[in-house]
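Trainee: This structure is in structure tokens; I'll ask about it shortly.
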Protein chains: 2
Amino acid sequence: MARQSTTSTTTAKAVVLLSGGLDSYTTAAIARFDGFECYALTVSYGQRHACEIAAAGRVAQSLKVAEHKISELDLRCFGGSALTGDLSVPKAQSACDSPAGGIPPTYVPARNTILLSLGLAWAEVVGAFDIFIGVNAVDYSGYPDCRADFITAFERLANVATKAAIEGQDCFKIHAPLLFMTKCEIIRAGKQLGLDYSLTHSCYDPDEQGRACGRCDSCLFRLKGFAEANMEDPIKYVPQ
Amino acid sequence: MARQSTTSTTTAKAVVLLSGGLDSYTTAAIARFDGFECYALTVSYGQRHACEIAAAGRVAQSLKVAEHKISELDLRCFGGSALTGDLSVPKAQSACDSPAGGIPPTYVPARNTILLSLGLAWAEVVGAFDIFIGVNAVDYSGYPDCRADFITAFERLANVATKAAIEGQDCFKIHAPLLFMTKCEIIRAGKQLGLDYSLTHSCYDPDEQGRACGRCDSCLFRLKGFAEANMEDPIKYVPQ
């Protein structure tokens with residue numbers, strides 16, 4: 001639930017990292033349900049699946065966020081990831097194939113650290129002490145910056161790194177409401193909140209029309225989640 | 001000293017955050033003296049004192065770094081700082097005037113968290129586990145992200161946030177060799193290392209010719225340091 005505001009008439013603000021995928025959409029809806037006024041931050045970091053940015057715009061509009069900001073930061077200049085172009089996106093037969101091989105090349109070095117840092121900067125400026133991120137450590141690719149340890153360490157950092165925390169205005173809280181949910185549970189929660197998942201984009205390697213490949217990790221986890229929830233995924237997939 | 005490399009013929013790499021100021025120049029020189037091959041990272045974040053970027057180029061060239069990367073990230077989109085344009089740079093009569101008034105408006109929300117995050121991303125890609133930052137908690141403006149607590153918290157974060165650390169390749173170390181030095185001690189150390197401080201730029205509010213104002217916090221600390229070291233600052237100042 002949103003923290004009590006200092007004045008009874010003001011809604012507490014939260015910065016929500018919004019990629020345009022299923023998880024961040026659900027996270028933003030949870031933040032709104034919890035009573036926060038949402039400031040949605042999307043980072044255009046040179047991801048191969050740039051239609052994610054358009055999805056973020058649709059989702060932000062649908063959730064009626066207070067403000068949607070798109071920050072430009074080209075992580076392609078560092079390289080080292082399949083999502084920023086210099087490695088290929090692996091395609092597996094099922095979502096269970098991936099984790100066995102360790103952290104896959106779709107890992108973007110320090111990505112969530114960078115995203116949360118930018119979220120923290122904006123939070124300080126708008127006067128928010130709550131930051132939401134849609135990381136998940138159940139149906140995921142094993143990325144280190146999607147785990148509870150990471151969230152805890154970032155929250156500690158935020159509370160020594162910033163003027164707002166040091167001056168004792170309040171403490172930062174990093175919310176990761178999906179952390180321990182399965183993809184199926186996430187989708188069911190979203191449905192209860194009335195979400196329209198046709199607005200989202202998850203695929204790491206869509207075709208020119210923006211259709212999901214159905215074979216990357218992100219697609220496989222998404223499809224598995226919809227199957228387990230006995231629901232049909234409303235987005236378009238490339239015919240297999 | 002640089003850590004032992006896994007192969008005796010390879011020099012250990014370090015990412016060094018290089019702003020183009022006196023402190024980051026000295027820090028990079030210390031990293032080099034300690035035996036590291038330096039990868040210098042400059043972030044063009046929309047700072048008002050953009051001639052800092054040119055200074056970073058001069059400094060990087062003079063130190064013969066292995067690579068100098070300039071990353072573009074416009075923090076003006078968040079605002080909230082005199083250095084990114086929407087507040088004015090305070091001018092004091094002496095460096096001692098500033099800290100009494102709390103953290104000044106030249107504080108850039110979450111800046112060093114963002115800079116270290118970007119440094120961490122590049123470090124993972126080049127295979128460096130050492131990151132140098134020229135923060136100082138003695139002759140400084142009271143910024144929270146220049147203190148030992150911040151460095152410790154970021155180091156902890158780096159070691160849970162990244163594939164390189166999680167896979168047990170090595171541990172990240174954040175080096176802040178100037179942390180407890182006075183500006184005078186920093187300048188003396190730099191002189192011993194043969195540094196040419198005429199290459200640097202420190203002023204937050206230079207004139208059109210790039211001359212330092214002599215009255216912002218950054219100038220005042222710099223001038224105080226040179227005075228205490230009984231040396232003349234080789235850069236140009238606007239006549240007072």
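Please note that chains go A, B, ... in the order of the structure tokens, that every chain numbers its residues from 1, and that ligands are numbered from 1 in the order shown.
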Report as an MDAnalysis selection string all protein, DNA and RNA residues lying within 7 Å of A:Ala212, evaluated on only C-alpha atoms, omitting residues in the same chain fewer than 3 positions from it.

Mentor: chainID A and resid 203 205:207 236:238

Trainee: Please provide as a ChimeraX atom specification all residues within 12 Å of stretch 146-148 of chain A, with the sequence filter that same-chain residues fewer than 4 positions apart are discarded (counting only C-alpha atoms).

Mentor: /A:23,103,107-108,110-113,116,133-142,152-155,174-180 /B:157,160-163,166

Trainee: Give me the residues within 6 Å of stretch 11-21 of chain A as an mmCIF file with C-alpha atoms, in the first residue's frame, counting only C-alpha atoms and dropping any in the same chain fewer than 3 places off.

Mentor:
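Result file follows (part19.cif):
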```
data_model
loop_
_atom_site.group_PDB
_atom_site.id
_atom_site.type_symbol
_atom_site.label_atom_id
_atom_site.label_comp_id
_atom_site.auth_asym_id
_atom_site.auth_seq_id
_atom_site.Cartn_x
_atom_site.Cartn_y
_atom_site.Cartn_z
ATOM 1 C CA SER A 5 1.445 11.244 2.563
ATOM 2 C CA SER A 24 6.233 -4.155 -16.023
ATOM 3 C CA PHE A 36 0.306 5.339 -5.859
ATOM 4 C CA GLU A 37 0.321 8.099 -8.431
ATOM 5 C CA CYS A 38 2.588 6.563 -11.058
ATOM 6 C CA TYR A 39 5.498 8.188 -12.876
ATOM 7 C CA ALA A 40 6.415 5.725 -15.591
ATOM 8 C CA LEU A 41 9.994 5.598 -16.852
ATOM 9 C CA THR A 42 10.946 3.830 -20.061
ATOM 10 C CA GLU A 52 8.859 -2.476 -26.712
ATOM 11 C CA ALA A 55 4.172 -0.880 -26.182
ATOM 12 C CA ALA A 56 5.317 1.135 -23.155
ATOM 13 C CA ALA A 123 12.190 9.786 -7.951
ATOM 14 C CA ALA A 128 8.826 9.890 -4.743
ATOM 15 C CA ASP A 130 8.831 4.310 -3.897
ATOM 16 C CA ILE A 131 10.256 2.715 -7.021
ATOM 17 C CA PHE A 132 8.599 -0.265 -8.701
ATOM 18 C CA ILE A 133 10.392 -2.759 -10.927
ATOM 19 C CA THR A 200 2.272 -5.424 -24.375
ATOM 20 C CA HIS A 201 5.366 -6.690 -26.152
ATOM 21 C CA SER A 202 7.734 -9.264 -24.658
#
```

Trainee: Using only C-alpha atoms, find the one residue out of A:Pro109, A:Gly168, A:Pro90, A:Pro234 that sits nearest to A:Ser218.

Mentor: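 Ranked by minimum distance to A:Ser218, first place goes to A:Pro90.
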
Trainee: Could you go through stretch 80-202 of chain A and tell me which residues DSSP, when run on the backbone, assigns to helix (DSSP H, G or I), listing them as a ChimeraX atom specification?

Mentor: /A:95-97,99-101,111-126,144-146,148-161,163-166,183-192,197-199

Trainee: Going by DSSP on the backbone, which residues of stretch 28-207 of chain A come out as strand (DSSP E or B)? List them as a count of residues only.

Mentor: 21

Trainee: Name the closest residue to chain A among the candidates B:Ile53, B:Ile114, B:Ile70, B:Ile186; distances are taken between atoms, counting only C-alpha atoms.

Mentor: B:Ile114

Trainee: What gap, in Å, lies between atom CA of B:Asp149 and atom CA of B:Ala165?

Mentor: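 That distance, rounded to one decimal, is 20.8 Å.
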
Trainee: Atom CA of B:Pro239 and atom CA of B:Gly225 are how many Å apart?

Mentor: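 Distance between the two atoms: 19.2 Å.
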
Trainee: May I ask for the distance between atom CA of B:Gln240 and atom CA of B:Gly214, given in Å to one decimal place?

Mentor: 7.7 Å

Trainee: Return the single residue from B:Val125, B:Ile30, B:Leu115, B:Ala50 that is closest to chain A, with distances computed using only C-alpha atoms.

Mentor: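 Among the listed residues, the smallest separation from chain A belongs to B:Val125.
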
Trainee: Under the rule that only C-alpha atoms are counted, which of B:Val59, B:Leu193, B:Val43, B:Ala121 is the nearest residue to chain A?

Mentor: B:Ala121
